[in-house]
file model-v8.cif (mmCIF, C-alpha atoms)
data_work
loop_
_atom_site.group_PDB
_atom_site.id
_atom_site.type_symbol
_atom_site.label_atom_id
_atom_site.label_comp_id
_atom_site.auth_asym_id
_atom_site.auth_seq_id
_atom_site.Cartn_x
_atom_site.Cartn_y
_atom_site.Cartn_z
ATOM 1 C CA MET A 1 -29.673 -18.166 64.328
ATOM 2 C CA ASN A 2 -26.422 -16.956 62.853
ATOM 3 C CA ALA A 3 -26.034 -15.107 59.555
ATOM 4 C CA LEU A 4 -25.101 -18.228 57.576
ATOM 5 C CA MET A 5 -28.193 -20.121 58.733
ATOM 6 C CA LEU A 6 -30.408 -17.112 57.997
ATOM 7 C CA ILE A 7 -29.074 -16.873 54.425
ATOM 8 C CA THR A 8 -29.645 -20.603 53.901
ATOM 9 C CA VAL A 9 -33.264 -20.387 55.117
ATOM 10 C CA LEU A 10 -33.986 -17.423 52.871
ATOM 11 C CA ARG A 11 -32.557 -19.220 49.843
ATOM 12 C CA LEU A 12 -34.663 -22.336 50.545
ATOM 13 C CA ALA A 13 -37.759 -20.221 51.005
ATOM 14 C CA GLY A 14 -37.264 -18.540 47.660
ATOM 15 C CA ALA A 15 -36.396 -21.721 45.723
ATOM 16 C CA PRO A 16 -39.221 -23.400 43.725
ATOM 17 C CA HIS A 17 -40.537 -26.619 45.242
ATOM 18 C CA GLU A 18 -40.683 -29.866 43.307
ATOM 19 C CA GLY A 19 -43.954 -30.158 41.450
ATOM 20 C CA SER A 20 -44.835 -26.492 41.782
ATOM 21 C CA VAL A 21 -46.133 -24.648 38.754
ATOM 22 C CA PRO A 22 -44.424 -21.323 37.983
ATOM 23 C CA THR A 23 -46.651 -18.293 37.693
ATOM 24 C CA PRO A 24 -47.074 -17.444 34.017
ATOM 25 C CA GLY A 25 -45.685 -14.031 33.071
ATOM 26 C CA VAL A 26 -47.526 -11.434 31.052
ATOM 27 C CA ARG A 27 -46.086 -11.137 27.554
ATOM 28 C CA ALA A 28 -46.450 -7.899 25.673
ATOM 29 C CA ALA A 29 -48.040 -8.002 22.266
ATOM 30 C CA ALA A 30 -45.478 -8.470 19.508
ATOM 31 C CA PRO A 31 -44.914 -5.323 17.457
ATOM 32 C CA ASP A 32 -46.292 -5.230 13.931
ATOM 33 C CA ARG A 33 -43.125 -5.459 11.851
ATOM 34 C CA THR A 34 -45.009 -5.251 8.558
ATOM 35 C CA LYS A 35 -45.440 -1.500 8.983
ATOM 36 C CA GLN A 36 -42.900 1.207 9.548
ATOM 37 C CA PRO A 37 -43.403 2.838 12.956
ATOM 38 C CA ALA A 38 -44.643 6.408 12.975
ATOM 39 C CA ALA A 39 -42.042 9.107 13.405
ATOM 40 C CA GLY A 40 -41.908 10.888 16.738
ATOM 41 C CA PRO A 41 -41.964 14.626 17.244
ATOM 42 C CA GLU A 42 -39.237 16.595 15.483
ATOM 43 C CA ARG A 43 -36.422 17.498 17.826
ATOM 44 C CA VAL A 44 -34.787 20.900 17.788
ATOM 45 C CA VAL A 45 -31.005 20.602 17.921
ATOM 46 C CA PRO A 46 -29.322 23.895 18.825
ATOM 47 C CA PHE A 47 -26.095 24.414 16.924
ATOM 48 C CA PRO A 48 -23.568 26.985 18.130
ATOM 49 C CA ALA A 49 -22.773 29.976 15.964
ATOM 50 C CA ILE A 50 -19.682 29.835 13.746
ATOM 51 C CA ARG A 51 -17.517 32.937 13.751
ATOM 52 C CA GLN A 52 -15.115 33.485 10.860
ATOM 53 C CA PHE A 53 -11.908 35.483 11.014
ATOM 54 C CA SER A 54 -8.584 35.847 9.221
ATOM 55 C CA VAL A 55 -5.051 36.198 10.596
ATOM 56 C CA HIS A 56 -2.196 36.946 8.182
ATOM 57 C CA GLY A 57 -4.272 35.530 5.350
ATOM 58 C CA ILE A 58 -5.111 32.326 7.210
ATOM 59 C CA LYS A 59 -8.841 31.656 7.396
ATOM 60 C CA GLY A 60 -10.143 30.659 10.805
ATOM 61 C CA TYR A 61 -13.399 29.460 12.272
ATOM 62 C CA LEU A 62 -14.352 29.733 15.945
ATOM 63 C CA VAL A 63 -17.100 27.636 17.518
ATOM 64 C CA GLU A 64 -17.808 28.215 21.206
ATOM 65 C CA ARG A 65 -19.750 25.964 23.556
ATOM 66 C CA PRO A 66 -20.093 27.449 27.049
ATOM 67 C CA GLY A 67 -19.672 25.117 29.978
ATOM 68 C CA LEU A 68 -16.806 23.026 28.615
ATOM 69 C CA PRO A 69 -13.364 24.202 29.845
ATOM 70 C CA VAL A 70 -11.656 22.486 26.907
ATOM 71 C CA VAL A 71 -10.070 24.005 23.833
ATOM 72 C CA ARG A 72 -9.708 22.035 20.615
ATOM 73 C CA LEU A 73 -7.679 23.477 17.776
ATOM 74 C CA GLU A 74 -7.257 22.071 14.290
ATOM 75 C CA LEU A 75 -4.948 23.371 11.588
ATOM 76 C CA SER A 76 -5.272 21.931 8.097
ATOM 77 C CA TRP A 77 -3.353 22.296 4.859
ATOM 78 C CA ASN A 78 -4.536 21.514 1.339
ATOM 79 C CA LEU A 79 -1.705 19.103 0.693
ATOM 80 C CA GLY A 80 -2.032 15.339 0.820
ATOM 81 C CA SER A 81 -0.815 12.062 -0.588
ATOM 82 C CA ALA A 82 -2.463 12.906 -3.920
ATOM 83 C CA ASN A 83 0.351 15.432 -4.349
ATOM 84 C CA ASP A 84 3.097 12.825 -4.065
ATOM 85 C CA PRO A 85 5.355 12.798 -7.141
ATOM 86 C CA ALA A 86 5.111 9.714 -9.329
ATOM 87 C CA GLY A 87 7.553 7.107 -8.088
ATOM 88 C CA LYS A 88 7.656 8.627 -4.595
ATOM 89 C CA GLU A 89 4.284 7.458 -3.319
ATOM 90 C CA GLY A 90 4.167 7.696 0.474
ATOM 91 C CA MET A 91 6.487 10.709 0.657
ATOM 92 C CA HIS A 92 3.847 13.054 2.049
ATOM 93 C CA GLY A 93 2.819 10.721 4.840
ATOM 94 C CA LEU A 94 6.448 10.030 5.739
ATOM 95 C CA CYS A 95 7.261 13.750 5.938
ATOM 96 C CA VAL A 96 4.231 14.530 8.092
ATOM 97 C CA ASP A 97 5.035 11.665 10.453
ATOM 98 C CA LEU A 98 8.608 12.931 10.748
ATOM 99 C CA VAL A 99 7.418 16.386 11.831
ATOM 100 C CA GLY A 100 5.483 14.750 14.661
ATOM 101 C CA GLU A 101 8.590 13.014 16.018
ATOM 102 C CA GLY A 102 9.759 16.079 17.929
ATOM 103 C CA SER A 103 11.398 19.478 17.651
ATOM 104 C CA LYS A 104 15.021 20.564 17.625
ATOM 105 C CA ARG A 105 14.824 21.041 21.399
ATOM 106 C CA LEU A 106 12.715 17.996 22.230
ATOM 107 C CA ASP A 107 13.136 14.466 20.948
ATOM 108 C CA LYS A 108 10.185 12.072 20.823
ATOM 109 C CA ALA A 109 10.451 10.984 24.471
ATOM 110 C CA ALA A 110 10.829 14.553 25.756
ATOM 111 C CA LEU A 111 7.931 15.697 23.582
ATOM 112 C CA GLU A 112 5.642 13.046 25.037
ATOM 113 C CA ASP A 113 6.714 14.029 28.576
ATOM 114 C CA ASN A 114 5.851 17.672 27.884
ATOM 115 C CA LYS A 115 2.472 16.719 26.448
ATOM 116 C CA ALA A 116 1.754 14.566 29.493
ATOM 117 C CA ASP A 117 2.731 17.372 31.880
ATOM 118 C CA LEU A 118 0.238 19.668 30.156
ATOM 119 C CA GLY A 119 -2.435 17.013 29.787
ATOM 120 C CA ALA A 120 -2.513 17.880 26.089
ATOM 121 C CA ARG A 121 -3.139 15.755 23.031
ATOM 122 C CA ILE A 122 -1.213 16.942 19.996
ATOM 123 C CA GLY A 123 -1.337 14.930 16.792
ATOM 124 C CA ILE A 124 -0.174 15.414 13.223
ATOM 125 C CA GLY A 125 -1.731 13.340 10.484
ATOM 126 C CA ALA A 126 -1.681 12.971 6.719
ATOM 127 C CA GLY A 127 -4.577 12.244 4.418
ATOM 128 C CA ARG A 128 -5.210 11.975 0.709
ATOM 129 C CA GLU A 129 -6.166 15.618 0.198
ATOM 130 C CA SER A 130 -4.913 17.334 3.330
ATOM 131 C CA ALA A 131 -2.668 17.273 6.375
ATOM 132 C CA SER A 132 -3.670 18.447 9.819
ATOM 133 C CA LEU A 133 -2.439 19.207 13.312
ATOM 134 C CA THR A 134 -4.890 18.824 16.182
ATOM 135 C CA LEU A 135 -4.565 20.072 19.740
ATOM 136 C CA SER A 136 -6.885 19.326 22.653
ATOM 137 C CA VAL A 137 -6.248 20.634 26.170
ATOM 138 C CA VAL A 138 -8.006 22.254 29.105
ATOM 139 C CA LYS A 139 -8.409 26.003 28.792
ATOM 140 C CA SER A 140 -5.976 26.850 31.587
ATOM 141 C CA ARG A 141 -3.136 25.038 29.754
ATOM 142 C CA PHE A 142 -3.950 26.252 26.258
ATOM 143 C CA ALA A 143 -1.148 28.844 25.964
ATOM 144 C CA PRO A 144 1.788 26.507 26.777
ATOM 145 C CA ALA A 145 0.214 23.693 24.736
ATOM 146 C CA LEU A 146 -0.158 26.023 21.758
ATOM 147 C CA ASN A 147 3.500 27.053 22.093
ATOM 148 C CA LEU A 148 4.478 23.376 22.074
ATOM 149 C CA ALA A 149 2.459 22.720 18.925
ATOM 150 C CA ALA A 150 3.957 25.785 17.258
ATOM 151 C CA GLU A 151 7.437 24.552 18.142
ATOM 152 C CA LEU A 152 6.748 21.297 16.325
ATOM 153 C CA LEU A 153 5.751 23.150 13.162
ATOM 154 C CA THR A 154 8.362 25.911 13.135
ATOM 155 C CA GLU A 155 11.361 24.008 14.537
ATOM 156 C CA PRO A 156 10.947 20.318 13.633
ATOM 157 C CA GLY A 157 13.744 18.001 14.694
ATOM 158 C CA LEU A 158 13.985 16.065 11.394
ATOM 159 C CA ARG A 159 16.464 13.603 12.894
ATOM 160 C CA ALA A 160 18.010 11.062 10.544
ATOM 161 C CA ALA A 161 17.448 8.222 13.014
ATOM 162 C CA ASP A 162 13.743 9.040 13.225
ATOM 163 C CA LEU A 163 13.494 9.137 9.434
ATOM 164 C CA GLU A 164 15.053 5.691 9.040
ATOM 165 C CA ARG A 165 12.798 4.232 11.738
ATOM 166 C CA LEU A 166 9.697 5.686 10.091
ATOM 167 C CA ARG A 167 10.879 4.524 6.672
ATOM 168 C CA GLY A 168 11.264 0.990 8.012
ATOM 169 C CA ARG A 169 7.815 1.144 9.559
ATOM 170 C CA ALA A 170 6.318 2.326 6.268
ATOM 171 C CA LYS A 171 7.962 -0.535 4.374
ATOM 172 C CA ALA A 172 6.680 -3.027 6.937
ATOM 173 C CA ALA A 173 3.170 -1.583 6.523
ATOM 174 C CA VAL A 174 3.377 -2.213 2.760
ATOM 175 C CA VAL A 175 4.379 -5.843 3.307
ATOM 176 C CA GLN A 176 1.614 -6.279 5.873
ATOM 177 C CA ALA A 177 -0.996 -4.762 3.547
ATOM 178 C CA ARG A 178 -0.045 -7.167 0.755
ATOM 179 C CA GLY A 179 -0.223 -10.092 3.144
ATOM 180 C CA ASN A 180 -3.870 -9.786 4.188
ATOM 181 C CA ALA A 181 -7.080 -9.878 2.181
ATOM 182 C CA ASN A 182 -8.342 -6.422 3.113
ATOM 183 C CA GLY A 183 -5.079 -4.669 2.338
ATOM 184 C CA ALA A 184 -4.465 -6.539 -0.899
ATOM 185 C CA SER A 185 -8.007 -5.966 -2.169
ATOM 186 C CA GLU A 186 -7.873 -2.241 -1.359
ATOM 187 C CA ARG A 187 -4.594 -1.826 -3.223
ATOM 188 C CA ALA A 188 -5.930 -3.723 -6.215
ATOM 189 C CA TRP A 189 -9.221 -1.797 -6.194
ATOM 190 C CA LEU A 190 -7.597 1.646 -6.163
ATOM 191 C CA ALA A 191 -5.283 0.766 -9.025
ATOM 192 C CA ALA A 192 -8.074 -0.806 -11.083
ATOM 193 C CA PHE A 193 -10.683 1.890 -10.488
ATOM 194 C CA TRP A 194 -8.541 5.016 -10.855
ATOM 195 C CA GLY A 195 -5.638 3.686 -12.904
ATOM 196 C CA ARG A 196 -2.016 3.718 -11.820
ATOM 197 C CA ALA A 197 -1.437 7.065 -13.544
ATOM 198 C CA HIS A 198 -4.100 8.827 -11.462
ATOM 199 C CA PRO A 199 -3.006 10.299 -8.097
ATOM 200 C CA TYR A 200 -5.737 8.283 -6.354
ATOM 201 C CA GLY A 201 -4.645 5.062 -8.023
ATOM 202 C CA ARG A 202 -0.975 5.146 -7.132
ATOM 203 C CA ILE A 203 0.182 2.363 -4.852
ATOM 204 C CA ILE A 204 2.873 2.698 -2.192
ATOM 205 C CA GLU A 205 5.678 0.166 -2.633
ATOM 206 C CA GLU A 206 8.897 -0.392 -0.700
ATOM 207 C CA THR A 207 10.906 1.284 -3.460
ATOM 208 C CA SER A 208 8.810 4.466 -3.361
#
call {"tool": "encode", "arguments": {"input": "model-v8.cif", "output": "structure tokens"}}
result
Amino acid sequence: MNALMLITVLRLAGAPHEGSVPTPGVRAAAPDRTKQPAAGPERVVPFPAIRQFSVHGIKGYLVERPGLPVVRLELSWNLGSANDPAGKEGMHGLCVDLVGEGSKRLDKAALEDNKADLGARIGIGAGRESASLTLSVVKSRFAPALNLAAELLTEPGLRAADLERLRGRAKAAVVQARGNANGASERAWLAAFWGRAHPYGRIIEETS
């Protein structure tokens, strides 16, 4: 009996025969959904200690978790889109995005190559109340990755071509937001709730 015949016999042996009655399974009792289930034992979640320090007037916080050879760094500034001047809504986000386009030495493509060589993730983002730079890399590559992040902040490229490309992308985002229900409703809600004169109620337009 070859392998194919053996497989066929096994399949026929396991198939239900015509007229046979399947064995009824045992069904568990349905849970009582009219009552809230009792809470289980309280779990103890160990949180690592937070160490505070200051360097040149900059407040820092260090949280260590042994066993993970990864370093994550976050720098934040108390400056966001709420600080945009009236009539120039979107300026803060545009400036922050421009800083992330590269340094004087490295354009965008070269910057991404350097990040890939280090296995580092470096991002710069803008929010309503703050801006931040984040860095994540393995511990052995932290020093060169930190130097790369510092280069972005201290020697930004600020190339005119990058600015125009980002400006065009920002304008396209405004048009896209007005063209879908979620974007249009969010814009209308912010303006109605806060008022156009309030920093939270200002709406980004192509002209701004």
call {"tool": "axis_aligned_box", "arguments": {"input": "model-v8.cif", "around": "region 44-62 of chain A", "padding_each_side": "4 Å", "output": "JSON"}}
result
{"center_x": -18.5, "center_y": 28.8, "center_z": 12.1, "size_x": 40.6, "size_y": 24.3, "size_z": 21.5}
call {"tool": "atom_distance", "arguments": {"input": "model-v8.cif", "atom1": "CA of Gly168 (chain A)", "atom2": "CA of Val99 (chain A)"}}
result
16.3 Å
call {"tool": "closest_residue", "arguments": {"input": "model-v8.cif", "among": "A:Arg105, A:Glu64, A:Ser140, A:Ala170", "to": "Thr207 (chain A)", "atoms": "only C-alpha atoms"}}
result
A:Ala170
call {"tool": "atom_distance", "arguments": {"input": "model-v8.cif", "atom1": "CA of Leu68 (chain A)", "atom2": "CA of Glu42 (chain A)"}}
result
26.8 Å
call {"tool": "closest_residue", "arguments": {"input": "model-v8.cif", "among": "A:Ala160, A:Ala28, A:Ala49, A:Leu79", "to": "Arg65 (chain A)", "atoms": "only C-alpha atoms"}}
result
A:Ala49
call {"tool": "closest_residue", "arguments": {"input": "model-v8.cif", "among": "A:Gln176, A:Ser76, A:Ser103, A:Ser54", "to": "Glu205 (chain A)", "atoms": "all atoms listed in the file"}}
result
A:Gln176
call {"tool": "residues_around", "arguments": {"input": "model-v8.cif", "residues": "Glu155 (chain A)", "least_positions_apart": "5", "cutoff": "12 Å", "atoms": "only C-alpha atoms", "output": "ChimeraX atom specification"}}
result
/A:99-107,147-150
call {"tool": "atom_distance", "arguments": {"input": "model-v8.cif", "atom1": "CA of Leu111 (chain A)", "atom2": "CA of Thr154 (chain A)"}}
result
14.6 Å
call {"tool": "resolve_selection", "arguments": {"input": "model-v8.cif", "expression": "the PyMOL selection byres ((chain A and resi 171) around 12)", "output": "list in words"}}
result
Glu89, Gly90, Met91, Leu94, Glu164, Arg165, Leu166, Arg167, Gly168, Arg169, Ala170, Ala172, Ala173, Val174, Val175, Gln176, Ala177, Arg178, Ile204, Glu205, Glu206, Thr207 and Ser208 of chain A
call {"tool": "write_last_selection", "arguments": {"input": "model-v8.cif", "atoms": "C-alpha atoms", "output": "compact mmCIF listing (two decimals), in the coordinates of the input"}}
result
# COMPACT_ATOMS: atom_id res chain seq x y z
CA GLU A 89 4.28 7.46 -3.32
CA GLY A 90 4.17 7.70 0.47
CA MET A 91 6.49 10.71 0.66
CA LEU A 94 6.45 10.03 5.74
CA GLU A 164 15.05 5.69 9.04
CA ARG A 165 12.80 4.23 11.74
CA LEU A 166 9.70 5.69 10.09
CA ARG A 167 10.88 4.52 6.67
CA GLY A 168 11.26 0.99 8.01
CA ARG A 169 7.82 1.14 9.56
CA ALA A 170 6.32 2.33 6.27
CA ALA A 172 6.68 -3.03 6.94
CA ALA A 173 3.17 -1.58 6.52
CA VAL A 174 3.38 -2.21 2.76
CA VAL A 175 4.38 -5.84 3.31
CA GLN A 176 1.61 -6.28 5.87
CA ALA A 177 -1.00 -4.76 3.55
CA ARG A 178 -0.04 -7.17 0.76
CA ILE A 204 2.87 2.70 -2.19
CA GLU A 205 5.68 0.17 -2.63
CA GLU A 206 8.90 -0.39 -0.70
CA THR A 207 10.91 1.28 -3.46
CA SER A 208 8.81 4.47 -3.36
call {"tool": "residues_around", "arguments": {"input": "model-v8.cif", "residues": "Arg51 (chain A)", "least_positions_apart": "4", "cutoff": "7 Å", "atoms": "all atoms listed in the file", "output": "PyMOL selection string"}}
result
chain A and resi 61-63
call {"tool": "closest_residue", "arguments": {"input": "model-v8.cif", "among": "A:Ala29, A:Leu98, A:Ala110, A:Ala188", "to": "Leu163 (chain A)", "atoms": "all atoms listed in the file"}}
result
A:Leu98
call {"tool": "residues_around", "arguments": {"input": "model-v8.cif", "residues": "Ser130 (chain A)", "least_positions_apart": "2", "cutoff": "8 Å", "atoms": "all atoms listed in the file", "output": "NGL selection string"}}
result
:A and (76-81 or 126-128 or 132)
call {"tool": "resolve_selection", "arguments": {"input": "model-v8.cif", "expression": "the PyMOL selection byres ((chain A and resi 201) around 12)", "output": "PyMOL selection string"}}
result
chain A and resi 81-82+84+86+89+128+186-200+202-204
call {"tool": "write_last_selection", "arguments": {"input": "model-v8.cif", "atoms": "C-alpha atoms", "output": "PDB file, in the coordinates of the input"}}
result
ATOM      1  CA  SER A  81      -0.815  12.062  -0.588  1.00  0.00           C
ATOM      2  CA  ALA A  82      -2.463  12.906  -3.920  1.00  0.00           C
ATOM      3  CA  ASP A  84       3.097  12.825  -4.065  1.00  0.00           C
ATOM      4  CA  ALA A  86       5.111   9.714  -9.329  1.00  0.00           C
ATOM      5  CA  GLU A  89       4.284   7.458  -3.319  1.00  0.00           C
ATOM      6  CA  ARG A 128      -5.210  11.975   0.709  1.00  0.00           C
ATOM      7  CA  GLU A 186      -7.873  -2.241  -1.359  1.00  0.00           C
ATOM      8  CA  ARG A 187      -4.594  -1.826  -3.223  1.00  0.00           C
ATOM      9  CA  ALA A 188      -5.930  -3.723  -6.215  1.00  0.00           C
ATOM     10  CA  TRP A 189      -9.221  -1.797  -6.194  1.00  0.00           C
ATOM     11  CA  LEU A 190      -7.597   1.646  -6.163  1.00  0.00           C
ATOM     12  CA  ALA A 191      -5.283   0.766  -9.025  1.00  0.00           C
ATOM     13  CA  ALA A 192      -8.074  -0.806 -11.083  1.00  0.00           C
ATOM     14  CA  PHE A 193     -10.683   1.890 -10.488  1.00  0.00           C
ATOM     15  CA  TRP A 194      -8.541   5.016 -10.855  1.00  0.00           C
ATOM     16  CA  GLY A 195      -5.638   3.686 -12.904  1.00  0.00           C
ATOM     17  CA  ARG A 196      -2.016   3.718 -11.820  1.00  0.00           C
ATOM     18  CA  ALA A 197      -1.437   7.065 -13.544  1.00  0.00           C
ATOM     19  CA  HIS A 198      -4.100   8.827 -11.462  1.00  0.00           C
ATOM     20  CA  PRO A 199      -3.006  10.299  -8.097  1.00  0.00           C
ATOM     21  CA  TYR A 200      -5.737   8.283  -6.354  1.00  0.00           C
ATOM     22  CA  ARG A 202      -0.975   5.146  -7.132  1.00  0.00           C
ATOM     23  CA  ILE A 203       0.182   2.363  -4.852  1.00  0.00           C
ATOM     24  CA  ILE A 204       2.873   2.698  -2.192  1.00  0.00           C
TER      25      ILE A 204
END
call {"tool": "closest_residue", "arguments": {"input": "model-v8.cif", "among": "A:Ala184, A:Pro144, A:Gly40, A:Gly125", "to": "Cys95 (chain A)", "atoms": "all atoms listed in the file"}}
result
A:Gly125
call {"tool": "resolve_selection", "arguments": {"input": "model-v8.cif", "expression": "the PyMOL selection byres ((chain A and resi 138) around 12)", "output": "ChimeraX atom specification"}}
result
/A:68-73,118-121,135-137,139-146
call {"tool": "write_last_selection", "arguments": {"input": "model-v8.cif", "atoms": "C-alpha atoms", "output": "short mmCIF file (atom, residue, chain, number, x, y, z; two decimals), in the frame of the given file"}}
result
data_model
loop_
_atom_site.label_atom_id
_atom_site.label_comp_id
_atom_site.auth_asym_id
_atom_site.auth_seq_id
_atom_site.Cartn_x
_atom_site.Cartn_y
_atom_site.Cartn_z
CA LEU A 68 -16.81 23.03 28.62
CA PRO A 69 -13.36 24.20 29.84
CA VAL A 70 -11.66 22.49 26.91
CA VAL A 71 -10.07 24.00 23.83
CA ARG A 72 -9.71 22.04 20.62
CA LEU A 73 -7.68 23.48 17.78
CA LEU A 118 0.24 19.67 30.16
CA GLY A 119 -2.44 17.01 29.79
CA ALA A 120 -2.51 17.88 26.09
CA ARG A 121 -3.14 15.76 23.03
CA LEU A 135 -4.57 20.07 19.74
CA SER A 136 -6.88 19.33 22.65
CA VAL A 137 -6.25 20.63 26.17
CA LYS A 139 -8.41 26.00 28.79
CA SER A 140 -5.98 26.85 31.59
CA ARG A 141 -3.14 25.04 29.75
CA PHE A 142 -3.95 26.25 26.26
CA ALA A 143 -1.15 28.84 25.96
CA PRO A 144 1.79 26.51 26.78
CA ALA A 145 0.21 23.69 24.74
CA LEU A 146 -0.16 26.02 21.76
#
call {"tool": "decode", "arguments": {"input": "model-v8.cif", "residues": "region 171-178 of chain A", "atoms": "all heavy atoms", "output": "PDB file, in the first residue's frame"}}
result
ATOM      1  N   LYS A 171      -0.681  72.403   2.261  1.00  0.00           N
ATOM      2  CA  LYS A 171      -1.856  72.910   1.540  1.00  0.00           C
ATOM      3  C   LYS A 171      -2.736  71.758   1.064  1.00  0.00           C
ATOM      4  O   LYS A 171      -3.967  71.829   1.131  1.00  0.00           O
ATOM      5  CB  LYS A 171      -1.419  73.770   0.366  1.00  0.00           C
ATOM      6  CG  LYS A 171      -0.785  75.089   0.763  1.00  0.00           C
ATOM      7  CD  LYS A 171      -0.412  75.889  -0.478  1.00  0.00           C
ATOM      8  CE  LYS A 171       0.197  77.242  -0.099  1.00  0.00           C
ATOM      9  NZ  LYS A 171       0.568  78.041  -1.288  1.00  0.00           N
ATOM     10  N   ALA A 172      -2.100  70.699   0.561  1.00  0.00           N
ATOM     11  CA  ALA A 172      -2.871  69.542   0.106  1.00  0.00           C
ATOM     12  C   ALA A 172      -3.616  68.894   1.272  1.00  0.00           C
ATOM     13  O   ALA A 172      -4.739  68.412   1.107  1.00  0.00           O
ATOM     14  CB  ALA A 172      -1.941  68.528  -0.554  1.00  0.00           C
ATOM     15  N   ALA A 173      -2.996  68.892   2.468  1.00  0.00           N
ATOM     16  CA  ALA A 173      -3.662  68.325   3.637  1.00  0.00           C
ATOM     17  C   ALA A 173      -4.902  69.130   4.014  1.00  0.00           C
ATOM     18  O   ALA A 173      -5.911  68.570   4.450  1.00  0.00           O
ATOM     19  CB  ALA A 173      -2.693  68.275   4.816  1.00  0.00           C
ATOM     20  N   VAL A 174      -4.848  70.464   3.833  1.00  0.00           N
ATOM     21  CA  VAL A 174      -6.007  71.304   4.116  1.00  0.00           C
ATOM     22  C   VAL A 174      -7.151  70.969   3.160  1.00  0.00           C
ATOM     23  O   VAL A 174      -8.308  70.817   3.567  1.00  0.00           O
ATOM     24  CB  VAL A 174      -5.635  72.793   4.009  1.00  0.00           C
ATOM     25  CG1 VAL A 174      -6.876  73.676   4.103  1.00  0.00           C
ATOM     26  CG2 VAL A 174      -4.633  73.170   5.096  1.00  0.00           C
ATOM     27  N   VAL A 175      -6.830  70.845   1.877  1.00  0.00           N
ATOM     28  CA  VAL A 175      -7.855  70.515   0.885  1.00  0.00           C
ATOM     29  C   VAL A 175      -8.450  69.141   1.175  1.00  0.00           C
ATOM     30  O   VAL A 175      -9.666  68.937   1.086  1.00  0.00           O
ATOM     31  CB  VAL A 175      -7.248  70.560  -0.529  1.00  0.00           C
ATOM     32  CG1 VAL A 175      -8.268  70.099  -1.569  1.00  0.00           C
ATOM     33  CG2 VAL A 175      -6.756  71.964  -0.856  1.00  0.00           C
ATOM     34  N   GLN A 176      -7.601  68.193   1.541  1.00  0.00           N
ATOM     35  CA  GLN A 176      -8.076  66.847   1.840  1.00  0.00           C
ATOM     36  C   GLN A 176      -8.971  66.844   3.072  1.00  0.00           C
ATOM     37  O   GLN A 176      -9.988  66.140   3.109  1.00  0.00           O
ATOM     38  CB  GLN A 176      -6.888  65.916   2.044  1.00  0.00           C
ATOM     39  CG  GLN A 176      -7.274  64.464   2.256  1.00  0.00           C
ATOM     40  CD  GLN A 176      -6.069  63.574   2.446  1.00  0.00           C
ATOM     41  OE1 GLN A 176      -4.995  64.040   2.821  1.00  0.00           O
ATOM     42  NE2 GLN A 176      -6.231  62.280   2.183  1.00  0.00           N
ATOM     43  N   ALA A 177      -8.607  67.621   4.097  1.00  0.00           N
ATOM     44  CA  ALA A 177      -9.415  67.672   5.312  1.00  0.00           C
ATOM     45  C   ALA A 177     -10.798  68.249   5.033  1.00  0.00           C
ATOM     46  O   ALA A 177     -11.795  67.802   5.602  1.00  0.00           O
ATOM     47  CB  ALA A 177      -8.695  68.497   6.372  1.00  0.00           C
ATOM     48  N   ARG A 178     -10.870  69.250   4.166  1.00  0.00           N
ATOM     49  CA  ARG A 178     -12.175  69.838   3.838  1.00  0.00           C
ATOM     50  C   ARG A 178     -13.020  68.911   2.982  1.00  0.00           C
ATOM     51  O   ARG A 178     -14.245  69.064   2.910  1.00  0.00           O
ATOM     52  CB  ARG A 178     -11.968  71.165   3.116  1.00  0.00           C
ATOM     53  CG  ARG A 178     -11.539  72.306   4.002  1.00  0.00           C
ATOM     54  CD  ARG A 178     -11.889  73.642   3.363  1.00  0.00           C
ATOM     55  NE  ARG A 178     -11.325  73.758   2.035  1.00  0.00           N
ATOM     56  CZ  ARG A 178     -10.277  74.529   1.714  1.00  0.00           C
ATOM     57  NH1 ARG A 178      -9.691  75.255   2.653  1.00  0.00           N
ATOM     58  NH2 ARG A 178      -9.827  74.592   0.486  1.00  0.00           N
TER      59      ARG A 178
END
